[in-house]
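Enquirer: Just so it is clear, I am handing over model-v8.tsv, which has TSV, C-alpha atoms.
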```
chain	number	residue	atom	x	y	z
A	1	MET	CA	-14.38	-113.78	-257.04
A	2	SER	CA	-12.18	-112.57	-254.22
A	3	GLY	CA	-8.62	-111.33	-254.44
A	4	ASN	CA	-7.44	-114.94	-254.39
A	5	GLY	CA	-9.83	-116.29	-256.99
A	6	THR	CA	-12.30	-117.83	-254.56
A	7	THR	CA	-15.94	-116.95	-254.24
A	8	GLY	CA	-16.93	-114.25	-251.77
A	9	ASP	CA	-19.25	-111.34	-251.14
A	10	ASP	CA	-16.69	-108.61	-250.45
A	11	PRO	CA	-17.11	-105.92	-253.16
A	12	LEU	CA	-13.54	-104.68	-252.69
A	13	GLN	CA	-12.07	-108.14	-253.12
A	14	THR	CA	-14.30	-108.75	-256.12
A	15	ALA	CA	-12.97	-105.57	-257.75
A	16	VAL	CA	-9.38	-106.53	-256.89
A	17	TRP	CA	-9.84	-109.97	-258.43
A	18	ARG	CA	-11.36	-108.63	-261.64
A	19	LEU	CA	-8.48	-106.22	-262.16
A	20	ARG	CA	-5.82	-108.76	-261.22
A	21	SER	CA	-7.23	-111.40	-263.54
A	22	ARG	CA	-7.05	-108.93	-266.43
A	23	ALA	CA	-3.40	-108.02	-265.79
A	24	CYS	CA	-4.24	-104.67	-264.12
A	25	TRP	CA	-2.14	-105.28	-261.01
A	26	ALA	CA	-1.30	-101.65	-260.28
A	27	ASP	CA	-4.97	-100.65	-260.48
A	28	ALA	CA	-5.90	-103.52	-258.17
A	29	ALA	CA	-3.19	-102.56	-255.68
A	30	ALA	CA	-4.37	-98.94	-255.69
A	31	LEU	CA	-7.73	-100.05	-254.28
A	32	LEU	CA	-6.13	-101.45	-251.13
A	33	PRO	CA	-5.06	-99.33	-248.12
A	34	ALA	CA	-1.34	-99.41	-247.44
A	35	ASP	CA	-1.52	-98.68	-243.70
A	36	ARG	CA	-2.90	-102.01	-242.43
A	37	PRO	CA	-1.00	-105.33	-242.34
A	38	GLY	CA	-3.41	-107.49	-244.35
A	39	PRO	CA	-4.13	-105.08	-247.21
A	40	ALA	CA	-0.48	-103.97	-247.32
A	41	LEU	CA	0.61	-107.57	-247.77
A	42	GLN	CA	-1.99	-108.11	-250.48
A	43	ARG	CA	-0.80	-104.96	-252.27
A	44	ALA	CA	2.76	-106.24	-252.17
A	45	GLY	CA	1.68	-109.61	-253.54
A	46	LEU	CA	-0.12	-108.00	-256.46
A	47	LEU	CA	2.89	-105.88	-257.39
A	48	VAL	CA	5.28	-108.83	-257.04
A	49	GLU	CA	3.02	-110.80	-259.38
A	50	ARG	CA	3.16	-107.92	-261.88
A	51	CYS	CA	6.96	-108.20	-261.91
A	52	LEU	CA	6.77	-111.92	-262.63
A	53	TYR	CA	4.31	-111.47	-265.49
A	54	THR	CA	5.55	-108.23	-267.05
A	55	GLU	CA	9.24	-107.85	-266.00
A	56	ARG	CA	8.37	-104.30	-264.93
A	57	GLY	CA	7.55	-102.42	-261.74
A	58	TRP	CA	10.38	-103.78	-259.61
A	59	GLN	CA	10.80	-100.67	-257.46
A	60	ASP	CA	7.07	-100.37	-256.81
A	61	ALA	CA	7.02	-103.99	-255.64
A	62	GLU	CA	10.07	-103.43	-253.44
A	63	ASP	CA	8.52	-100.35	-251.82
A	64	ALA	CA	5.21	-102.12	-251.19
A	65	LEU	CA	7.01	-105.12	-249.76
A	66	ARG	CA	9.04	-103.01	-247.35
A	67	THR	CA	5.82	-101.41	-246.11
A	68	ALA	CA	4.21	-104.82	-245.62
A	69	GLU	CA	7.27	-106.10	-243.77
A	70	ALA	CA	7.25	-103.09	-241.46
A	71	LEU	CA	3.56	-103.51	-240.64
A	72	ALA	CA	3.60	-107.28	-240.15
A	73	HIS	CA	3.11	-108.57	-236.64
A	74	GLY	CA	2.82	-112.19	-235.59
A	75	ASP	CA	4.63	-115.15	-237.11
A	76	GLU	CA	2.16	-115.83	-239.92
A	77	GLU	CA	2.13	-112.23	-241.17
A	78	ARG	CA	5.92	-112.06	-241.03
A	79	GLY	CA	6.08	-115.43	-242.76
A	80	ALA	CA	3.73	-114.25	-245.51
A	81	ALA	CA	5.88	-111.16	-246.05
A	82	ALA	CA	8.99	-113.36	-246.24
A	83	CYS	CA	7.19	-115.55	-248.80
A	84	GLU	CA	6.58	-112.48	-250.98
A	85	ARG	CA	10.21	-111.41	-250.50
A	86	GLY	CA	11.31	-114.81	-251.75
A	87	GLN	CA	8.99	-114.60	-254.74
A	88	LEU	CA	10.29	-111.17	-255.73
A	89	ALA	CA	13.89	-112.39	-255.51
A	90	TYR	CA	12.93	-115.50	-257.52
A	91	ALA	CA	11.29	-113.39	-260.24
A	92	ALA	CA	14.32	-111.09	-260.51
A	93	THR	CA	16.60	-114.11	-260.88
A	94	LEU	CA	14.34	-115.94	-263.33
A	95	HIS	CA	14.10	-112.89	-265.61
A	96	GLY	CA	17.82	-112.09	-265.42
A	97	VAL	CA	17.35	-108.73	-263.72
A	98	ARG	CA	19.79	-109.68	-260.97
A	99	ASP	CA	20.92	-112.94	-259.40
A	100	ARG	CA	19.01	-113.04	-256.13
A	101	ALA	CA	18.76	-116.83	-255.83
A	102	ASP	CA	20.41	-116.91	-252.40
A	103	GLU	CA	18.03	-114.23	-251.16
A	104	ALA	CA	15.06	-116.19	-252.52
A	105	ARG	CA	16.16	-119.38	-250.74
A	106	ALA	CA	16.79	-117.55	-247.48
A	107	ALA	CA	13.46	-115.73	-247.57
A	108	LEU	CA	11.45	-118.84	-248.35
A	109	GLY	CA	13.34	-120.73	-245.67
A	110	ARG	CA	12.48	-117.98	-243.18
A	111	ALA	CA	8.84	-118.19	-244.25
A	112	ALA	CA	8.86	-121.95	-243.70
A	113	ALA	CA	10.08	-121.40	-240.14
A	114	LEU	CA	7.29	-118.89	-239.44
A	115	ILE	CA	4.27	-120.39	-241.22
A	116	PRO	CA	3.23	-123.62	-239.49
A	117	PRO	CA	2.17	-126.75	-241.40
A	118	GLY	CA	-1.57	-126.67	-241.94
A	119	ALA	CA	-1.75	-122.86	-241.98
A	120	ALA	CA	-3.60	-121.19	-244.85
A	121	GLY	CA	-0.40	-119.66	-246.22
A	122	ARG	CA	1.60	-122.88	-246.29
A	123	PRO	CA	0.40	-124.27	-249.68
A	124	LEU	CA	1.48	-121.11	-251.52
A	125	LEU	CA	4.86	-121.27	-249.78
A	126	ASP	CA	5.26	-124.92	-250.79
A	127	PHE	CA	4.40	-124.06	-254.38
A	128	ARG	CA	6.97	-121.27	-254.49
A	129	ARG	CA	9.62	-123.55	-253.04
A	130	GLY	CA	8.77	-125.88	-255.90
A	131	LEU	CA	9.30	-123.09	-258.43
A	132	LEU	CA	12.72	-122.43	-256.94
A	133	ALA	CA	13.65	-126.11	-257.11
A	134	GLU	CA	12.38	-126.51	-260.69
A	135	ASN	CA	13.66	-123.34	-262.32
A	136	LEU	CA	16.70	-122.23	-260.31
A	137	THR	CA	18.07	-125.33	-258.59
A	138	ARG	CA	17.05	-127.60	-261.50
A	139	SER	CA	15.88	-130.33	-259.12
A	140	PRO	CA	12.72	-131.87	-260.57
A	141	GLN	CA	12.32	-134.42	-257.76
A	142	ALA	CA	12.37	-131.71	-255.08
A	143	ALA	CA	10.03	-129.59	-257.20
A	144	ARG	CA	7.55	-132.44	-257.59
A	145	ALA	CA	7.50	-133.09	-253.84
A	146	ALA	CA	6.89	-129.41	-253.12
A	147	TYR	CA	4.16	-129.14	-255.77
A	148	ARG	CA	2.40	-132.20	-254.37
A	149	ARG	CA	2.42	-130.71	-250.87
A	150	ALA	CA	1.06	-127.47	-252.30
A	151	HIS	CA	-1.59	-129.37	-254.27
A	152	ALA	CA	-2.79	-131.23	-251.18
A	153	GLY	CA	-2.82	-128.01	-249.16
A	154	ALA	CA	-4.69	-126.07	-251.83
A	155	THR	CA	-7.29	-128.84	-251.95
A	156	ALA	CA	-7.66	-128.82	-248.17
A	157	HIS	CA	-8.00	-125.03	-248.00
A	158	GLY	CA	-10.27	-124.72	-251.05
A	159	ASP	CA	-7.89	-122.59	-253.14
A	160	PRO	CA	-8.79	-123.26	-256.80
A	161	LEU	CA	-6.42	-120.66	-258.22
A	162	LEU	CA	-3.42	-122.29	-256.56
A	163	LEU	CA	-4.69	-125.68	-257.71
A	164	SER	CA	-4.58	-124.40	-261.29
A	165	PHE	CA	-0.88	-123.69	-260.78
A	166	THR	CA	-0.03	-126.99	-259.09
A	167	TRP	CA	-1.88	-128.97	-261.77
A	168	ARG	CA	0.03	-127.12	-264.48
A	169	HIS	CA	3.47	-127.51	-262.97
A	170	LEU	CA	3.03	-131.15	-262.02
A	171	ALA	CA	1.84	-131.75	-265.58
A	172	GLY	CA	4.91	-129.95	-266.93
A	173	LEU	CA	7.20	-132.29	-264.99
A	174	ALA	CA	5.22	-135.29	-266.21
A	175	LEU	CA	5.54	-134.15	-269.82
A	176	ARG	CA	9.31	-133.82	-269.51
A	177	GLU	CA	9.39	-137.45	-268.38
A	178	GLY	CA	7.30	-138.59	-271.34
A	179	GLU	CA	4.09	-139.17	-269.35
A	180	VAL	CA	1.90	-137.55	-271.99
A	181	ALA	CA	-1.49	-138.78	-270.75
A	182	GLU	CA	-0.76	-137.62	-267.19
A	183	ALA	CA	0.46	-134.28	-268.50
A	184	ARG	CA	-2.59	-133.80	-270.68
A	185	HIS	CA	-4.88	-134.46	-267.72
A	186	GLY	CA	-3.07	-131.96	-265.50
A	187	PHE	CA	-2.96	-129.25	-268.15
A	188	THR	CA	-6.67	-129.79	-268.90
A	189	GLU	CA	-7.56	-129.40	-265.21
A	190	SER	CA	-5.47	-126.22	-264.96
A	191	LEU	CA	-7.16	-124.71	-268.00
A	192	ARG	CA	-10.63	-125.70	-266.77
A	193	ILE	CA	-10.11	-124.03	-263.39
A	194	ARG	CA	-8.72	-120.85	-264.89
A	195	GLU	CA	-11.59	-120.54	-267.35
A	196	GLU	CA	-14.12	-121.14	-264.56
A	197	LEU	CA	-12.48	-118.49	-262.38
A	198	GLY	CA	-12.18	-116.00	-265.22
A	199	TYR	CA	-8.42	-115.81	-264.67
A	200	LEU	CA	-7.76	-114.32	-268.09
A	201	VAL	CA	-4.07	-113.53	-267.61
A	202	GLY	CA	-3.43	-117.18	-266.77
A	203	THR	CA	-5.55	-118.70	-269.50
A	204	ALA	CA	-3.10	-118.19	-272.38
A	205	PRO	CA	-0.27	-120.00	-270.53
A	206	ALA	CA	-2.68	-122.83	-269.71
A	207	LEU	CA	-3.71	-123.13	-273.37
A	208	ALA	CA	-0.09	-123.13	-274.53
A	209	SER	CA	0.88	-125.79	-272.00
A	210	LEU	CA	-1.98	-128.05	-273.03
A	211	ALA	CA	-0.96	-127.61	-276.67
A	212	ASP	CA	2.43	-129.14	-275.82
A	213	ALA	CA	0.68	-132.34	-274.76
A	214	GLU	CA	-1.74	-132.52	-277.68
A	215	SER	CA	-1.33	-133.78	-281.24
A	216	GLU	CA	-2.22	-131.85	-284.39
A	217	PRO	CA	-4.48	-130.20	-285.37
A	218	GLU	CA	-5.61	-129.59	-281.77
A	219	ALA	CA	-2.18	-128.33	-280.70
A	220	SER	CA	-2.18	-125.62	-283.35
A	221	ARG	CA	-5.72	-124.58	-282.45
A	222	LEU	CA	-4.81	-124.22	-278.78
A	223	ARG	CA	-1.66	-122.22	-279.56
A	224	GLU	CA	-3.57	-119.87	-281.84
A	225	GLU	CA	-6.13	-119.24	-279.09
A	226	ALA	CA	-3.25	-118.61	-276.67
A	227	ARG	CA	-1.73	-116.11	-279.13
A	228	ARG	CA	-5.06	-114.30	-279.41
A	229	LEU	CA	-5.33	-113.87	-275.64
A	230	PHE	CA	-1.64	-112.95	-275.39
A	231	ARG	CA	-2.14	-110.14	-277.91
A	232	LEU	CA	-5.37	-109.07	-276.20
A	233	LEU	CA	-3.47	-108.52	-272.94
A	234	GLY	CA	-0.68	-106.57	-274.63
A	235	GLY	CA	1.96	-109.28	-274.57
A	236	VAL	CA	1.48	-110.46	-270.98
A	237	PRO	CA	2.89	-112.65	-269.56
A	238	THR	CA	6.10	-111.66	-271.29
A	239	TRP	CA	7.74	-115.10	-271.03
A	240	LEU	CA	4.88	-116.67	-272.98
A	241	ALA	CA	6.19	-115.12	-276.21
A	242	HIS	CA	9.01	-117.67	-276.20
A	243	HIS	CA	6.62	-120.50	-275.38
A	244	LEU	CA	4.45	-119.70	-278.37
A	245	THR	CA	7.31	-119.90	-280.86
A	246	PRO	CA	7.25	-122.87	-279.63
A	247	PRO	CA	9.54	-123.09	-276.55
A	248	ALA	CA	12.84	-124.86	-276.23
A	249	PRO	CA	12.60	-128.10	-274.22
A	250	GLY	CA	12.89	-127.46	-270.50
A	251	ALA	CA	12.24	-123.71	-270.71
A	252	ALA	CA	11.37	-122.18	-267.35
A	253	THR	CA	7.95	-120.66	-266.83
A	254	ALA	CA	6.40	-118.83	-263.94
```
Translate the structure described by the file into structure tokens.

Expert:
Amino acid sequence: MSGNGTTGDDPLQTAVWRLRSRACWADAAALLPADRPGPALQRAGLLVERCLYTERGWQDAEDALRTAEALAHGDEERGAAACERGQLAYAATLHGVRDRADEARAALGRAAALIPPGAAGRPLLDFRRGLLAENLTRSPQAARAAYRRAHAGATAHGDPLLLSFTWRHLAGLALREGEVAEARHGFTESLRIREELGYLVGTAPALASLADAESEPEASRLREEARRLFRLLGGVPTWLAHHLTPPAPGAATA
């Protein structure tokens, strides 16, 4: 698996993926050189993801992101850096560290102006715009439209990890509207992809989400398996603790 969860023969990217998937973001980032645009951007993305999952490491992510922004050249690299800037601001707002919602919107808007439709980085940007709409703006219709664009783009570009996220979030919106069968299908697809990829840090959230769409005793079995993985990873992702209690209706997730 590469650094993005897709198959590849690059030993460095395989090592990065294995560490990332086991919640070792700092170790994965340490493998990447910080003096070239591509690796610097990947380092920043890993450390931003750590913030979202652990609510820690904010300054490290900020420092890595500034380096990536300084090294970026060309619209797509600058757009990718802006996309990570928006994600970091989103994570800080979601976790109540500081209200950076306006910064998140501005950064993602800047990324949208720089990353052309059809580019490899566009599906991830669309997905993150969906997160903003769902969890900060509280606009499920806008979120659904963004997730569907991201889903189509991830399919076109062969990005199974992103597909696992779009399946899960589209299913979450369906469940809130009472479309249980549609939700169950989406959550099942998300879990299947994550298990196939070996994305351990994302498997517990996928199990917990599927449990919400299942009846007993299957729901309890899935939640117990999610709790086991959650404990195995030392309580990561942090927001899953609330989901496993179980969550309040409409609770935001990453």

Enquirer: Just checking: using only C-alpha atoms, which residue out of A:Trp167, A:Pro160, A:Glu179, A:Leu244 ends up closest to Glu196 (chain A)?

Expert: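 Looking only at the distances to Glu196 (chain A), the closest residue turns out to be A:Pro160.
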
Enquirer: Which is closest to Thr238 (chain A) among A:Arg56, A:Arg168, A:Arg149, A:Arg128, if we use all atoms listed in the file?

Expert: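 Among the listed residues, the smallest separation from Thr238 (chain A) belongs to A:Arg56.
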
Enquirer: Could I get the residues of region 99-208 of chain A with an atom no further than 6 Å from an atom of region 61-83 of chain A, each paired with its nearest atom pair and that distance in Å to one decimal, using all atoms listed in the file, sorted by chain and residue number, as JSON lines?

Expert:
```
{"residue": "A:Ala107", "atom": "CA", "partner": "A:Ala82", "partner_atom": "CA", "distance": 5.2}
{"residue": "A:Leu108", "atom": "CA", "partner": "A:Cys83", "partner_atom": "CA", "distance": 5.4}
{"residue": "A:Ala111", "atom": "CA", "partner": "A:Gly79", "partner_atom": "CA", "distance": 4.2}
{"residue": "A:Leu114", "atom": "CA", "partner": "A:Gly79", "partner_atom": "CA", "distance": 4.9}
{"residue": "A:Ile115", "atom": "CA", "partner": "A:Glu76", "partner_atom": "CA", "distance": 5.2}
```

Enquirer: Find the residues around Leu131 (chain A) up to 10 Å (all atoms listed in the file counted), leave out those fewer than 3 positions away in its own chain, and share them as JSON, numbers by chain.

Expert: {"A": [87, 90, 125, 126, 127, 128, 134, 135, 136, 137, 138, 139, 140, 142, 143, 144, 146, 147, 169, 252, 253, 254]}

Enquirer: Just the number, please: distance in Å from CA of Ala44 (chain A) to CA of Val16 (chain A), one decimal.

Expert: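 CA of Val16 (chain A) lies at a distance of 13.0 Å from CA of Ala44 (chain A).
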
Enquirer: Which of these, A:Ala92, A:Ala120, A:Leu175, A:Val180, has the shortest distance to Leu162 (chain A) once you count all atoms listed in the file?

Expert: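 Ranking A:Ala92, A:Ala120, A:Leu175, A:Val180 by distance to Leu162 (chain A), first place goes to A:Ala120.
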
Enquirer: What does the distance from CA of Val201 (chain A) to CA of Ala23 (chain A) come to in Å, to one decimal?

Expert: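 Rounded to one decimal, the two atoms are 5.8 Å apart.
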
Enquirer: Neighbours of Phe187 (chain A) within 9 Å (all atoms listed in the file; same-chain residues fewer than 2 positions away dropped), as a PDB file with C-alpha atoms, keeping the file's coordinate frame?

Expert:
```pdb
ATOM      1  CA  SER A 164      -4.580-124.400-261.290  1.00  0.00           C
ATOM      2  CA  TRP A 167      -1.880-128.970-261.770  1.00  0.00           C
ATOM      3  CA  ARG A 168       0.030-127.120-264.480  1.00  0.00           C
ATOM      4  CA  HIS A 169       3.470-127.510-262.970  1.00  0.00           C
ATOM      5  CA  LEU A 170       3.030-131.150-262.020  1.00  0.00           C
ATOM      6  CA  ALA A 171       1.840-131.750-265.580  1.00  0.00           C
ATOM      7  CA  GLY A 172       4.910-129.950-266.930  1.00  0.00           C
ATOM      8  CA  GLU A 182      -0.760-137.620-267.190  1.00  0.00           C
ATOM      9  CA  ALA A 183       0.460-134.280-268.500  1.00  0.00           C
ATOM     10  CA  ARG A 184      -2.590-133.800-270.680  1.00  0.00           C
ATOM     11  CA  HIS A 185      -4.880-134.460-267.720  1.00  0.00           C
ATOM     12  CA  GLU A 189      -7.560-129.400-265.210  1.00  0.00           C
ATOM     13  CA  SER A 190      -5.470-126.220-264.960  1.00  0.00           C
ATOM     14  CA  LEU A 191      -7.160-124.710-268.000  1.00  0.00           C
ATOM     15  CA  ARG A 192     -10.630-125.700-266.770  1.00  0.00           C
ATOM     16  CA  ALA A 206      -2.680-122.830-269.710  1.00  0.00           C
ATOM     17  CA  LEU A 207      -3.710-123.130-273.370  1.00  0.00           C
ATOM     18  CA  SER A 209       0.880-125.790-272.000  1.00  0.00           C
ATOM     19  CA  LEU A 210      -1.980-128.050-273.030  1.00  0.00           C
ATOM     20  CA  ALA A 211      -0.960-127.610-276.670  1.00  0.00           C
ATOM     21  CA  ALA A 213       0.680-132.340-274.760  1.00  0.00           C
TER      22      ALA A 213
END
```

Enquirer: Between CA of Thr188 (chain A) and CA of Trp239 (chain A), what is the spacing in Å?

Expert: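 Interatomic distance, CA of Trp239 (chain A) to CA of Thr188 (chain A): 20.7 Å.
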
Enquirer: Counting only C-alpha atoms, find residues at most 7 Å from (-9.5, -116.1, -262.0) (file frame) and give them as a ChimeraX atom specification.

Expert: /A:5,21,161,194,197-200

Enquirer: Selected residues, C-alpha atoms, written as a PDB file, in the coordinates of the input, please.

Expert:
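Final output, saved to out26.pdb:
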```pdb
ATOM      1  CA  GLY A   5      -9.830-116.290-256.990  1.00  0.00           C
ATOM      2  CA  SER A  21      -7.230-111.400-263.540  1.00  0.00           C
ATOM      3  CA  LEU A 161      -6.420-120.660-258.220  1.00  0.00           C
ATOM      4  CA  ARG A 194      -8.720-120.850-264.890  1.00  0.00           C
ATOM      5  CA  LEU A 197     -12.480-118.490-262.380  1.00  0.00           C
ATOM      6  CA  GLY A 198     -12.180-116.000-265.220  1.00  0.00           C
ATOM      7  CA  TYR A 199      -8.420-115.810-264.670  1.00  0.00           C
ATOM      8  CA  LEU A 200      -7.760-114.320-268.090  1.00  0.00           C
TER       9      LEU A 200
END
```

Enquirer: With only C-alpha atoms as the atoms that count, which of A:Pro117, A:Gly45, A:Gly130, A:Gly235 lies nearest to Leu88 (chain A)?

Expert: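 The closest residue to Leu88 (chain A) is A:Gly45.
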
Enquirer: Here is a test: counting all atoms listed in the file, which residue of A:Arg223, A:Pro37, A:Pro237, A:Ala113 is nearest to His95 (chain A)?

Expert: A:Pro237

Enquirer: Using all atoms listed in the file, find the one residue out of A:Ala152, A:Leu31, A:Leu132, A:Leu173 that sits nearest to Trp17 (chain A).

Expert: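 Closest candidate: A:Leu31.
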